[in-house]
file coords_12.txt (compact mmCIF, C-alpha atoms)
# COMPACT_ATOMS: atom_id res chain seq x y z
CA MET A 1 93.99 5.67 -302.63
CA GLN A 2 94.76 5.78 -298.91
CA GLU A 3 91.11 5.06 -298.11
CA ILE A 4 91.22 2.10 -300.51
CA LEU A 5 94.40 0.80 -298.91
CA GLU A 6 92.89 1.02 -295.42
CA ALA A 7 89.80 -0.87 -296.59
CA ILE A 8 91.89 -3.65 -298.12
CA ARG A 9 94.05 -3.98 -295.02
CA SER A 10 91.02 -4.09 -292.73
CA GLY A 11 89.43 -6.92 -294.72
CA ALA A 12 86.55 -4.87 -296.12
CA SER A 13 83.89 -6.78 -298.01
CA GLY A 14 83.49 -6.61 -301.75
CA GLU A 15 80.37 -4.50 -301.31
CA GLU A 16 82.24 -2.05 -299.10
CA ILE A 17 85.07 -1.80 -301.60
CA ALA A 18 82.58 -1.29 -304.43
CA ASN A 19 81.13 1.69 -302.55
CA LEU A 20 84.48 3.44 -302.22
CA PRO A 21 85.06 6.26 -304.73
CA VAL A 22 87.61 5.61 -307.45
CA PRO A 23 90.06 8.52 -307.38
CA SER A 24 90.31 10.85 -310.36
CA SER A 25 94.08 10.45 -310.39
CA TYR A 26 96.67 8.07 -309.05
CA ARG A 27 100.43 7.63 -308.59
CA ALA A 28 102.28 5.86 -311.40
CA ALA A 29 105.70 5.20 -312.91
CA VAL A 30 105.81 6.81 -316.35
CA VAL A 31 108.08 7.73 -319.22
CA HIS A 32 107.46 10.95 -321.15
CA LYS A 33 107.05 11.18 -324.90
CA GLU A 34 109.01 14.42 -324.99
CA GLU A 35 112.06 12.61 -323.58
CA THR A 36 112.33 9.80 -326.12
CA THR A 37 115.56 11.25 -327.59
CA MET A 38 117.27 11.84 -324.25
CA PHE A 39 119.69 8.94 -324.67
CA GLU A 40 120.60 9.44 -328.32
CA GLY A 41 124.26 8.72 -329.01
CA LEU A 42 124.74 6.57 -325.92
CA ALA A 43 125.46 2.86 -325.86
CA SER A 44 122.67 0.71 -324.45
CA ASN A 45 124.49 0.05 -321.18
CA GLU A 46 124.99 3.80 -320.69
CA LYS A 47 121.27 4.57 -320.82
CA ASP A 48 119.94 5.08 -317.30
CA PRO A 49 116.34 4.22 -316.36
CA ARG A 50 116.74 6.36 -313.24
CA LYS A 51 116.70 9.42 -315.50
CA SER A 52 113.73 8.46 -317.66
CA LEU A 53 111.31 6.81 -315.19
CA HIS A 54 109.23 9.32 -313.25
CA VAL A 55 106.75 8.69 -310.43
CA GLU A 56 103.92 11.20 -310.65
CA GLY A 57 100.16 11.63 -310.60
CA VAL A 58 98.20 10.67 -313.72
CA ALA A 59 94.52 10.90 -314.61
CA THR A 60 92.33 7.82 -314.11
CA PRO A 61 91.03 6.71 -317.53
CA GLU A 62 87.42 5.78 -318.23
CA LEU A 63 86.67 2.08 -317.76
CA ALA A 64 85.68 0.05 -320.85
CA PRO A 65 82.90 -2.58 -320.56
CA ASP A 66 85.37 -5.50 -320.58
CA GLU A 67 87.83 -4.00 -318.12
CA ALA A 68 88.49 -3.70 -314.40
CA TYR A 69 90.18 -1.19 -312.13
CA VAL A 70 92.68 -2.97 -309.87
CA ALA A 71 94.21 -1.42 -306.77
CA VAL A 72 97.82 -2.52 -307.24
CA MET A 73 99.47 -3.68 -304.04
CA ALA A 74 102.72 -4.74 -305.72
CA SER A 75 104.27 -5.12 -309.15
CA SER A 76 107.64 -6.10 -310.59
CA ILE A 77 110.36 -5.18 -313.06
CA ASN A 78 110.59 -7.01 -316.37
CA PHE A 79 113.00 -6.48 -319.22
CA ASN A 80 110.24 -4.82 -321.22
CA THR A 81 110.09 -2.05 -318.60
CA VAL A 82 113.82 -1.58 -319.05
CA TRP A 83 113.37 -1.40 -322.83
CA THR A 84 110.58 1.15 -322.41
CA SER A 85 112.71 3.25 -320.07
CA ILE A 86 115.69 3.41 -322.44
CA PHE A 87 113.49 3.73 -325.55
CA GLU A 88 114.94 0.62 -327.19
CA PRO A 89 114.65 -0.93 -329.72
CA VAL A 90 111.94 1.66 -330.49
CA SER A 91 109.97 4.08 -328.37
CA THR A 92 106.88 2.41 -326.96
CA PHE A 93 104.90 5.52 -327.87
CA VAL A 94 104.83 4.01 -331.36
CA PHE A 95 102.77 1.12 -329.92
CA LEU A 96 100.45 3.49 -328.07
CA GLU A 97 99.80 5.50 -331.23
CA ARG A 98 98.85 2.35 -333.13
CA LEU A 99 96.50 1.25 -330.36
CA GLY A 100 95.03 4.73 -330.31
CA ASN A 101 93.98 4.40 -333.94
CA GLU A 102 92.00 1.19 -333.41
CA SER A 103 88.93 2.30 -331.49
CA ARG A 104 87.39 4.77 -329.09
CA TRP A 105 88.72 2.72 -326.18
CA GLY A 106 92.12 2.37 -327.78
CA LYS A 107 92.34 6.15 -328.09
CA ARG A 108 92.68 6.43 -324.29
CA HIS A 109 96.12 4.83 -324.51
CA ASP A 110 97.65 7.40 -326.88
CA LEU A 111 98.96 9.88 -324.33
CA PRO A 112 102.14 11.94 -323.89
CA TYR A 113 103.09 9.63 -321.03
CA HIS A 114 103.23 5.85 -320.71
CA VAL A 115 102.34 4.13 -317.42
CA VAL A 116 104.62 1.08 -317.50
CA GLY A 117 104.65 -2.34 -315.86
CA SER A 118 103.52 -5.81 -317.00
CA ASP A 119 102.91 -7.54 -313.65
CA ALA A 120 100.60 -6.79 -310.75
CA ALA A 121 98.90 -8.25 -307.69
CA GLY A 122 96.04 -6.40 -306.04
CA VAL A 123 92.33 -6.06 -305.45
CA VAL A 124 89.54 -5.46 -307.95
CA LEU A 125 87.84 -2.09 -307.33
CA ARG A 126 85.34 -1.88 -310.19
CA VAL A 127 84.38 -3.98 -313.19
CA GLY A 128 82.90 -2.92 -316.52
CA SER A 129 79.36 -3.76 -317.55
CA ALA A 130 80.47 -6.77 -319.64
CA VAL A 131 82.56 -8.44 -316.91
CA ARG A 132 81.00 -11.64 -315.54
CA ASN A 133 83.56 -13.63 -313.57
CA TRP A 134 85.13 -10.96 -311.34
CA LYS A 135 83.79 -8.52 -308.77
CA PRO A 136 85.03 -5.80 -306.41
CA GLY A 137 87.05 -7.23 -303.54
CA ASP A 138 88.53 -10.14 -305.50
CA ARG A 139 92.24 -10.61 -304.81
CA VAL A 140 93.99 -11.11 -308.12
CA THR A 141 97.16 -11.28 -310.08
CA VAL A 142 97.36 -9.89 -313.60
CA HIS A 143 98.94 -11.49 -316.65
CA CYS A 144 100.05 -9.30 -319.52
CA ASN A 145 98.37 -10.80 -322.62
CA PHE A 146 96.31 -7.88 -323.98
CA VAL A 147 93.95 -9.23 -326.65
CA ASP A 148 90.78 -8.04 -328.36
CA ASP A 149 88.69 -11.20 -328.51
CA GLN A 150 86.47 -9.82 -331.27
CA ASP A 151 89.21 -10.62 -333.78
CA PRO A 152 88.86 -14.20 -335.17
CA SER A 153 92.64 -14.61 -335.18
CA ALA A 154 92.51 -14.65 -331.35
CA HIS A 155 90.37 -17.78 -331.10
CA ASP A 156 92.77 -20.67 -331.51
CA ASP A 157 95.86 -19.53 -329.67
CA SER A 158 95.43 -15.90 -328.62
CA MET A 159 99.19 -15.33 -328.88
CA LEU A 160 98.65 -15.60 -332.64
CA ALA A 161 96.06 -12.82 -332.60
CA ALA A 162 96.70 -10.13 -335.17
CA ASN A 163 96.28 -7.48 -332.47
CA GLN A 164 97.97 -9.26 -329.56
CA ARG A 165 99.89 -6.90 -327.29
CA ILE A 166 101.76 -6.95 -323.99
CA TRP A 167 99.97 -4.88 -321.35
CA GLY A 168 102.08 -2.10 -319.84
CA PHE A 169 104.55 -2.33 -322.73
CA GLU A 170 102.44 -2.07 -325.88
CA SER A 171 99.48 -0.61 -323.98
CA ASN A 172 99.12 2.09 -321.35
CA PHE A 173 97.91 2.02 -317.70
CA GLY A 174 100.34 -0.72 -316.61
CA GLY A 175 101.09 -2.25 -313.23
CA LEU A 176 103.85 -0.06 -311.79
CA ALA A 177 101.28 2.21 -310.21
CA ASP A 178 98.75 2.40 -307.39
CA LEU A 179 95.95 1.60 -309.84
CA ALA A 180 95.85 -0.32 -313.11
CA VAL A 181 93.33 -0.76 -315.90
CA VAL A 182 93.19 -4.35 -317.21
CA LYS A 183 90.95 -6.49 -319.34
CA ALA A 184 88.87 -9.01 -317.44
CA ASN A 185 90.60 -11.84 -319.30
CA GLN A 186 93.92 -10.78 -317.76
CA LEU A 187 92.77 -11.56 -314.22
CA MET A 188 93.71 -14.67 -312.22
CA PRO A 189 93.22 -15.57 -308.56
CA LYS A 190 96.03 -14.45 -306.28
CA PRO A 191 97.85 -17.44 -304.67
CA ALA A 192 96.52 -17.19 -301.14
CA HIS A 193 99.70 -18.30 -299.35
CA LEU A 194 101.90 -15.64 -300.95
CA SER A 195 102.41 -12.04 -299.92
CA TRP A 196 101.51 -9.27 -302.34
CA GLU A 197 105.07 -8.84 -303.55
CA GLU A 198 105.60 -12.60 -303.89
CA ALA A 199 102.40 -12.92 -305.91
CA ALA A 200 103.23 -9.94 -308.11
CA VAL A 201 106.49 -11.13 -309.66
CA ASN A 202 105.35 -14.32 -311.36
CA ALA A 203 102.76 -13.88 -314.08
CA LEU A 204 104.92 -12.70 -316.97
CA CYS A 205 107.99 -14.87 -316.43
CA ASN A 206 106.29 -17.93 -314.97
CA SER A 207 103.74 -18.06 -317.78
CA THR A 208 106.46 -17.54 -320.40
CA SER A 209 108.48 -20.48 -319.05
CA TYR A 210 105.36 -22.66 -318.85
CA ARG A 211 104.52 -22.08 -322.51
CA MET A 212 108.12 -22.59 -323.63
CA LEU A 213 108.59 -25.93 -321.88
CA VAL A 214 105.28 -27.50 -320.83
CA SER A 215 102.70 -26.36 -323.35
CA SER A 216 102.07 -28.06 -326.69
CA ASN A 217 102.68 -24.59 -328.13
CA GLY A 218 106.26 -24.85 -326.91
CA ALA A 219 108.77 -27.68 -326.58
CA SER A 220 106.34 -30.21 -325.02
CA MET A 221 108.98 -31.42 -322.57
CA LYS A 222 108.67 -35.06 -321.51
CA GLN A 223 110.14 -37.10 -318.68
CA GLY A 224 113.87 -37.66 -319.00
CA ASP A 225 114.48 -34.77 -321.40
CA VAL A 226 117.78 -32.99 -320.87
CA VAL A 227 117.02 -29.25 -320.89
CA PHE A 228 119.84 -26.74 -321.23
CA ILE A 229 118.84 -23.43 -319.60
CA TRP A 230 120.69 -20.18 -320.21
CA GLY A 231 120.45 -17.71 -317.30
CA ALA A 232 119.08 -20.37 -314.99
CA THR A 233 118.74 -18.07 -311.96
CA GLY A 234 117.26 -15.20 -313.97
CA GLY A 235 113.70 -14.04 -314.43
CA ILE A 236 112.50 -16.84 -316.68
CA GLY A 237 115.32 -19.30 -316.07
CA GLY A 238 114.44 -19.70 -312.40
CA TYR A 239 110.95 -20.87 -313.34
CA ALA A 240 112.29 -23.03 -316.18
CA VAL A 241 114.46 -25.00 -313.76
CA GLN A 242 111.41 -25.69 -311.59
CA TYR A 243 109.31 -26.87 -314.54
CA VAL A 244 112.04 -29.23 -315.71
CA LEU A 245 112.43 -30.72 -312.24
CA ASN A 246 108.66 -30.99 -311.70
CA GLY A 247 108.19 -32.66 -315.08
CA GLY A 248 110.85 -35.32 -314.62
CA GLY A 249 113.40 -33.65 -316.86
CA ILE A 250 117.12 -33.12 -316.30
CA PRO A 251 118.07 -29.44 -316.12
CA VAL A 252 121.52 -28.20 -317.03
CA GLY A 253 121.69 -24.63 -315.76
CA VAL A 254 124.09 -21.94 -316.96
CA VAL A 255 124.99 -19.19 -314.50
CA SER A 256 127.70 -16.56 -314.07
CA GLY A 257 129.34 -17.22 -310.75
CA PRO A 258 129.71 -19.63 -307.82
CA GLU A 259 126.96 -18.03 -305.71
CA LYS A 260 124.47 -18.49 -308.52
CA ALA A 261 125.66 -22.07 -308.95
CA LYS A 262 125.03 -22.66 -305.25
CA LEU A 263 121.52 -21.23 -305.59
CA LEU A 264 120.78 -23.63 -308.44
CA ASN A 265 121.98 -26.56 -306.34
CA GLN A 266 119.65 -25.44 -303.56
CA MET A 267 116.78 -25.48 -306.06
CA GLY A 268 117.61 -29.11 -306.83
CA CYS A 269 119.48 -28.54 -310.09
CA GLU A 270 122.45 -30.88 -309.93
CA HIS A 271 124.13 -30.03 -313.23
CA VAL A 272 125.49 -26.48 -313.40
CA ILE A 273 127.87 -24.69 -315.75
CA ASP A 274 129.54 -21.48 -314.59
CA ARG A 275 130.07 -19.64 -317.87
CA LYS A 276 132.48 -17.14 -316.31
CA GLU A 277 134.64 -19.90 -314.89
CA ARG A 278 134.64 -21.68 -318.25
CA ALA A 279 135.29 -18.33 -320.04
CA TYR A 280 133.50 -19.23 -323.27
CA ARG A 281 134.15 -16.87 -326.19
CA PHE A 282 131.55 -17.70 -328.79
CA TRP A 283 132.44 -14.60 -330.83
CA ARG A 284 135.93 -13.71 -332.06
CA ASP A 285 137.12 -10.13 -332.16
CA ASP A 286 136.62 -10.04 -335.92
CA GLY A 287 132.87 -10.58 -335.50
CA THR A 288 132.71 -14.24 -336.48
CA GLN A 289 131.72 -17.10 -334.20
CA ASP A 290 134.15 -19.73 -332.98
CA GLU A 291 132.89 -23.30 -333.51
CA ARG A 292 135.65 -24.58 -331.26
CA GLU A 293 133.94 -22.82 -328.36
CA TRP A 294 130.60 -24.36 -329.30
CA ARG A 295 132.26 -27.76 -329.23
CA ARG A 296 133.82 -27.03 -325.85
CA LEU A 297 130.40 -26.14 -324.44
CA GLY A 298 128.86 -29.28 -325.93
CA LYS A 299 131.62 -31.38 -324.40
CA ASP A 300 130.99 -29.78 -321.01
CA VAL A 301 127.29 -30.64 -321.21
CA ARG A 302 128.01 -34.27 -322.15
CA SER A 303 130.51 -34.55 -319.30
CA LEU A 304 127.69 -33.65 -316.91
CA VAL A 305 124.74 -35.66 -318.27
CA GLY A 306 126.25 -38.02 -320.85
CA GLU A 307 124.27 -36.72 -323.84
CA ASP A 308 123.28 -33.62 -325.78
CA PRO A 309 120.28 -31.58 -324.60
CA HIS A 310 116.91 -32.44 -326.12
CA ILE A 311 115.73 -28.88 -325.46
CA VAL A 312 117.69 -25.64 -325.28
CA PHE A 313 115.90 -22.87 -323.37
CA GLU A 314 117.19 -19.86 -325.31
CA HIS A 315 116.63 -16.18 -324.59
CA PRO A 316 119.96 -14.26 -324.70
CA GLY A 317 119.77 -14.15 -328.51
CA ARG A 318 122.74 -13.01 -330.55
CA GLN A 319 125.42 -13.91 -328.03
CA THR A 320 124.33 -17.53 -327.61
CA MET A 321 122.09 -18.67 -330.47
CA GLY A 322 124.94 -20.12 -332.52
CA ALA A 323 126.04 -22.23 -329.55
CA SER A 324 122.44 -23.20 -328.75
CA VAL A 325 121.81 -24.57 -332.24
CA PHE A 326 125.10 -26.45 -332.21
CA ILE A 327 124.78 -28.19 -328.83
CA CYS A 328 121.13 -29.19 -329.26
CA ALA A 329 120.65 -32.93 -329.79
CA ARG A 330 119.86 -34.40 -333.18
CA GLY A 331 116.13 -33.88 -333.67
CA GLY A 332 115.99 -31.61 -330.65
CA THR A 333 114.38 -28.19 -330.15
CA VAL A 334 115.77 -24.75 -329.45
CA VAL A 335 112.87 -22.78 -327.97
CA THR A 336 113.40 -19.02 -327.91
CA CYS A 337 111.42 -16.15 -326.42
CA ALA A 338 113.75 -13.17 -326.35
CA ALA A 339 117.04 -11.64 -327.43
CA THR A 340 118.43 -9.71 -324.51
CA SER A 341 121.97 -9.64 -325.99
CA GLY A 342 120.79 -8.64 -329.48
CA TYR A 343 118.13 -9.75 -331.91
CA MET A 344 120.14 -10.02 -335.16
CA ILE A 345 120.85 -13.75 -334.87
CA GLU A 346 123.56 -15.81 -336.57
CA TYR A 347 124.03 -19.57 -336.48
CA ASP A 348 125.44 -22.27 -338.76
CA ASN A 349 122.39 -23.61 -340.58
CA ARG A 350 124.16 -26.87 -341.46
CA HIS A 351 123.95 -27.93 -337.82
CA LEU A 352 120.21 -27.26 -337.89
CA TRP A 353 119.04 -28.87 -341.13
CA MET A 354 121.46 -31.79 -341.34
CA LYS A 355 120.59 -32.98 -337.84
CA LEU A 356 116.87 -32.23 -338.14
CA LYS A 357 116.81 -29.76 -335.27
CA SER A 358 114.05 -27.18 -334.80
CA ILE A 359 113.95 -23.60 -333.63
CA LYS A 360 110.61 -22.87 -331.98
CA SER A 361 109.52 -19.33 -331.23
CA SER A 362 107.52 -18.56 -328.11
CA HIS A 363 106.01 -15.30 -326.86
CA PHE A 364 104.48 -14.96 -323.40
CA ALA A 365 101.40 -17.22 -323.00
CA ASN A 366 97.71 -17.41 -323.76
CA TYR A 367 95.10 -17.13 -321.01
CA LYS A 368 94.82 -20.88 -320.45
CA GLU A 369 98.61 -21.29 -320.20
CA ALA A 370 98.91 -18.33 -317.82
CA TRP A 371 96.04 -19.70 -315.74
CA GLU A 372 97.65 -23.15 -315.50
CA ALA A 373 101.00 -21.63 -314.53
CA ASN A 374 99.26 -19.56 -311.85
CA ARG A 375 97.39 -22.67 -310.63
CA LEU A 376 100.71 -24.40 -310.00
CA LEU A 377 101.86 -21.39 -307.97
CA ALA A 378 98.64 -21.45 -305.98
CA LYS A 379 99.18 -25.14 -305.18
CA GLY A 380 102.73 -24.49 -304.00
CA MET A 381 104.23 -26.58 -306.80
CA ILE A 382 106.09 -23.62 -308.32
CA GLN A 383 107.79 -21.03 -306.10
CA PRO A 384 108.20 -17.29 -306.64
CA ILE A 385 111.74 -16.22 -307.40
CA LEU A 386 111.55 -12.83 -305.73
CA SER A 387 114.99 -11.68 -304.64
CA ARG A 388 114.41 -8.08 -303.54
CA THR A 389 111.75 -5.40 -303.35
CA PHE A 390 111.80 -1.64 -303.89
CA ALA A 391 109.29 1.10 -303.15
CA LEU A 392 107.52 2.58 -306.16
CA GLU A 393 109.45 5.82 -305.59
CA ASP A 394 112.63 3.87 -306.30
CA VAL A 395 111.40 2.21 -309.51
CA GLY A 396 114.24 3.80 -311.50
CA GLU A 397 116.86 2.13 -309.34
CA ALA A 398 114.99 -1.17 -309.55
CA ALA A 399 114.91 -0.99 -313.35
CA SER A 400 118.58 0.02 -313.41
CA GLN A 401 119.55 -3.10 -311.47
CA VAL A 402 117.75 -5.29 -314.00
CA HIS A 403 119.29 -3.34 -316.89
CA GLN A 404 122.79 -3.86 -315.49
CA ASN A 405 122.08 -7.50 -314.50
CA ARG A 406 122.78 -6.77 -310.84
CA HIS A 407 120.02 -9.03 -309.56
CA GLU A 408 118.84 -12.61 -309.25
CA GLY A 409 115.38 -13.87 -310.10
CA LYS A 410 112.77 -11.10 -310.02
CA ILE A 411 112.73 -7.67 -308.42
CA GLY A 412 109.41 -6.69 -306.84
CA VAL A 413 108.02 -3.19 -306.41
CA LEU A 414 105.67 -2.21 -303.57
CA CYS A 415 102.90 0.04 -304.86
CA LEU A 416 99.99 0.51 -302.46
CA ALA A 417 101.39 -2.06 -300.00
CA PRO A 418 103.28 -0.06 -297.36
CA GLU A 419 105.58 -2.91 -296.37
CA GLU A 420 106.57 -6.44 -297.28
CA GLY A 421 104.85 -9.55 -295.97
CA LEU A 422 101.23 -8.40 -296.25
CA GLY A 423 98.43 -10.20 -298.06
CA ILE A 424 99.04 -13.78 -296.86
CA ASP A 425 95.58 -15.37 -296.55
CA ASP A 426 96.52 -19.05 -296.20
CA PRO A 427 99.33 -19.41 -293.64
CA GLU A 428 98.63 -23.14 -293.32
CA LEU A 429 99.50 -23.78 -296.97
CA ARG A 430 102.50 -21.51 -296.64
CA GLU A 431 103.78 -23.59 -293.73
CA LYS A 432 103.16 -26.78 -295.69
CA VAL A 433 105.06 -25.49 -298.74
CA GLY A 434 107.89 -24.24 -296.56
CA GLU A 435 109.17 -20.77 -295.88
CA ASP A 436 112.65 -21.81 -296.97
CA ARG A 437 111.39 -22.81 -300.41
CA ILE A 438 109.21 -19.74 -300.93
CA THR A 439 111.97 -17.31 -299.92
CA LEU A 440 114.97 -19.14 -301.37
CA PHE A 441 115.94 -16.35 -303.78
CA ARG A 442 115.65 -13.75 -301.04
CA ARG A 443 118.12 -15.63 -298.87
CA ALA A 444 120.64 -16.25 -301.66

call {"tool": "encode", "arguments": {"input": "coords_12.txt", "output": "structure tokens"}}
result
Amino acid sequence: MQEILEAIRSGASGEEIANLPVPSSYRAAVVHKEETTMFEGLASNEKDPRKSLHVEGVATPELAPDEAYVAVMASSINFNTVWTSIFEPVSTFVFLERLGNESRWGKRHDLPYHVVGSDAAGVVLRVGSAVRNWKPGDRVTVHCNFVDDQDPSAHDDSMLAANQRIWGFESNFGGLADLAVVKANQLMPKPAHLSWEEAAVNALCNSTSYRMLVSSNGASMKQGDVVFIWGATGGIGGYAVQYVLNGGGIPVGVVSGPEKAKLLNQMGCEHVIDRKERAYRFWRDDGTQDEREWRRLGKDVRSLVGEDPHIVFEHPGRQTMGASVFICARGGTVVTCAATSGYMIEYDNRHLWMKLKSIKSSHFANYKEAWEANRLLAKGMIQPILSRTFALEDVGEAASQVHQNRHEGKIGVLCLAPEEGLGIDDPELREKVGEDRITLFRRA
């Protein structure tokens, strides 16, 4: 891999990169099947990714006809990596076993270790015999929609495919490694004005927010819509705020402290609610929700923007869904993509049906949506929300910080890249976009 790194850094041609040998093994962040019970009896917040994530050498798998080897310069931490590392809500080895039963190529994924990671930026090393649009030397980012396009269910919206998976979570050979194996239809051009680590943190969260708000598969936000955003400086919330502002909407961002509120203001979000300052208690000690607190939140929103939100950008799940349904405007939409505080949801259905509200589910993004979200990054219209980077050797600490919510935006991980700031191919566009905008989360 060192020879590959040197070739990439020296600007080697695609032909030169194609002539380099692909190593028989590579360095990767993995969890072990034999350790899936290591946290039994512990509460979720007591489970430590630093104990379960290991960085070690793994064998390079055979390349399928529709796949590519990518030399990974940088990757990032997503919540699904945290879930994999603490074996919640189920061990991801269950997913790998299912994939292993599908085909000869699927069998490669069913291993006693799982190479994790659902983001990557790097350079194509080899392509399979069926790959047409990509070649060695291409600088790429990778989105995580892992789909077999031979299934007819994948040919309207691929997120509805019967066998849709998330790469690096429900498949093996993910991005937190020096090399990754990806399908050709996961590849997108790397934004030329961004460094490797800046390019690596976007695909999963940026694409998710695009589908939730912009796409016709999501809330189809229009100009003037008030959009209430939980976790507005978090992994998907930071992109959501940008899409609302770009699309002529009015974001109302929820954060947990004055520094995060200041960061939102710097992004251009005028209306901010500090949930810790307001001390909302949506759940009573007896396990029932308190409608008075919902009403207090709704009143706070109206005091800021004069009306109820047309769209609620919902992802915490159990802790907030009752409040989200309540505060949403008559005829409005709660769009949800996750449940980081618990997935057994409760809300008062009267406030949904009697006011003709909708709950819309959303899960990552199809290839077109991911491509469009990446295009906006490449044009400098959406900014990365990278706040910090770690070396691959420290991936456990990086995942622990996300698990304990001790971060803003996205945490990047340097894989092959030996230092930050490499990989910028269009400094003119970078200057035009503005260093202060690109690095806002890093300066917060």

call {"tool": "residues_around", "arguments": {"input": "coords_12.txt", "residues": "Trp283 (chain A)", "least_positions_apart": "5", "cutoff": "9 Å", "atoms": "all atoms listed in the file", "output": "list in words"}}
result
Thr288, Gln289, Asp290, Glu293 and Gln319 of chain A

call {"tool": "write_last_selection", "arguments": {"input": "coords_12.txt", "atoms": "C-alpha atoms", "output": "compact mmCIF listing (two decimals), in the coordinates of the input"}}
result
# COMPACT_ATOMS: atom_id res chain seq x y z
CA THR A 288 132.71 -14.24 -336.48
CA GLN A 289 131.72 -17.10 -334.20
CA ASP A 290 134.15 -19.73 -332.98
CA GLU A 293 133.94 -22.82 -328.36
CA GLN A 319 125.42 -13.91 -328.03

call {"tool": "atom_distance", "arguments": {"input": "coords_12.txt", "atom1": "CA of Asp348 (chain A)", "atom2": "CA of Phe313 (chain A)"}}
result
18.1 Å

call {"tool": "closest_residue", "arguments": {"input": "coords_12.txt", "among": "A:Gly287, A:Pro89, A:Pro309, A:Gly247", "to": "Met381 (chain A)", "atoms": "only C-alpha atoms"}}
result
A:Gly247

call {"tool": "residues_around", "arguments": {"input": "coords_12.txt", "residues": "Leu386 (chain A)", "least_positions_apart": "2", "cutoff": "6 Å", "atoms": "only C-alpha atoms", "output": "number ranges by chain"}}
result
A: 384, 388, 409-411, 441

call {"tool": "axis_aligned_box", "arguments": {"input": "coords_12.txt", "around": "region 312-319 of chain A", "padding_each_side": "3 Å", "output": "AutoDock Vina command-line options"}}
result
--center_x 120.7 --center_y -19.3 --center_z -327.0 --size_x 15.5 --size_y 18.6 --size_z 13.2

call {"tool": "atom_distance", "arguments": {"input": "coords_12.txt", "atom1": "CA of Glu397 (chain A)", "atom2": "CA of Glu56 (chain A)"}}
result
15.9 Å

call {"tool": "closest_residue", "arguments": {"input": "coords_12.txt", "among": "A:Ile311, A:His193, A:Leu352, A:Leu179", "to": "Lys222 (chain A)", "atoms": "all atoms listed in the file"}}
result
A:Ile311

call {"tool": "residues_around", "arguments": {"input": "coords_12.txt", "residues": "Phe87 (chain A)", "least_positions_apart": "4", "cutoff": "10 Å", "atoms": "all atoms listed in the file", "output": "PDB file with C-alpha atoms, in the coordinates of the input"}}
result
ATOM      1  CA  VAL A  31     108.080   7.730-319.220  1.00  0.00           C
ATOM      2  CA  LYS A  33     107.050  11.180-324.900  1.00  0.00           C
ATOM      3  CA  GLU A  35     112.060  12.610-323.580  1.00  0.00           C
ATOM      4  CA  THR A  36     112.330   9.800-326.120  1.00  0.00           C
ATOM      5  CA  THR A  37     115.560  11.250-327.590  1.00  0.00           C
ATOM      6  CA  MET A  38     117.270  11.840-324.250  1.00  0.00           C
ATOM      7  CA  PHE A  39     119.690   8.940-324.670  1.00  0.00           C
ATOM      8  CA  GLU A  40     120.600   9.440-328.320  1.00  0.00           C
ATOM      9  CA  SER A  44     122.670   0.710-324.450  1.00  0.00           C
ATOM     10  CA  LYS A  47     121.270   4.570-320.820  1.00  0.00           C
ATOM     11  CA  PRO A  49     116.340   4.220-316.360  1.00  0.00           C
ATOM     12  CA  SER A  52     113.730   8.460-317.660  1.00  0.00           C
ATOM     13  CA  THR A  81     110.090  -2.050-318.600  1.00  0.00           C
ATOM     14  CA  VAL A  82     113.820  -1.580-319.050  1.00  0.00           C
ATOM     15  CA  TRP A  83     113.370  -1.400-322.830  1.00  0.00           C
ATOM     16  CA  SER A  91     109.970   4.080-328.370  1.00  0.00           C
ATOM     17  CA  THR A  92     106.880   2.410-326.960  1.00  0.00           C
ATOM     18  CA  PHE A  93     104.900   5.520-327.870  1.00  0.00           C
TER      19      PHE A  93
END

call {"tool": "decode", "arguments": {"input": "coords_12.txt", "residues": "region 47-54 of chain A", "atoms": "N, CA and C atoms", "output": "compact mmCIF listing (two decimals), in the first residue's frame"}}
result
# COMPACT_ATOMS: atom_id res chain seq x y z
N LYS A 47 -21.11 0.60 26.67
CA LYS A 47 -20.41 -0.22 25.69
C LYS A 47 -19.38 0.63 24.96
N ASP A 48 -18.14 0.14 24.88
CA ASP A 48 -17.01 0.97 24.47
C ASP A 48 -16.44 0.49 23.13
N PRO A 49 -16.63 1.28 22.06
CA PRO A 49 -16.06 0.90 20.76
C PRO A 49 -14.54 0.74 20.78
N ARG A 50 -13.88 1.36 21.72
CA ARG A 50 -12.42 1.24 21.79
C ARG A 50 -11.98 -0.18 22.13
N LYS A 51 -12.89 -0.95 22.72
CA LYS A 51 -12.57 -2.33 23.06
C LYS A 51 -12.92 -3.32 21.95
N SER A 52 -13.84 -2.95 21.09
CA SER A 52 -14.32 -3.90 20.08
C SER A 52 -13.77 -3.63 18.68
N LEU A 53 -13.32 -2.41 18.40
CA LEU A 53 -12.77 -2.09 17.08
C LEU A 53 -11.27 -2.36 17.08
N HIS A 54 -10.84 -3.17 16.13
CA HIS A 54 -9.43 -3.55 16.02
C HIS A 54 -8.90 -3.13 14.66
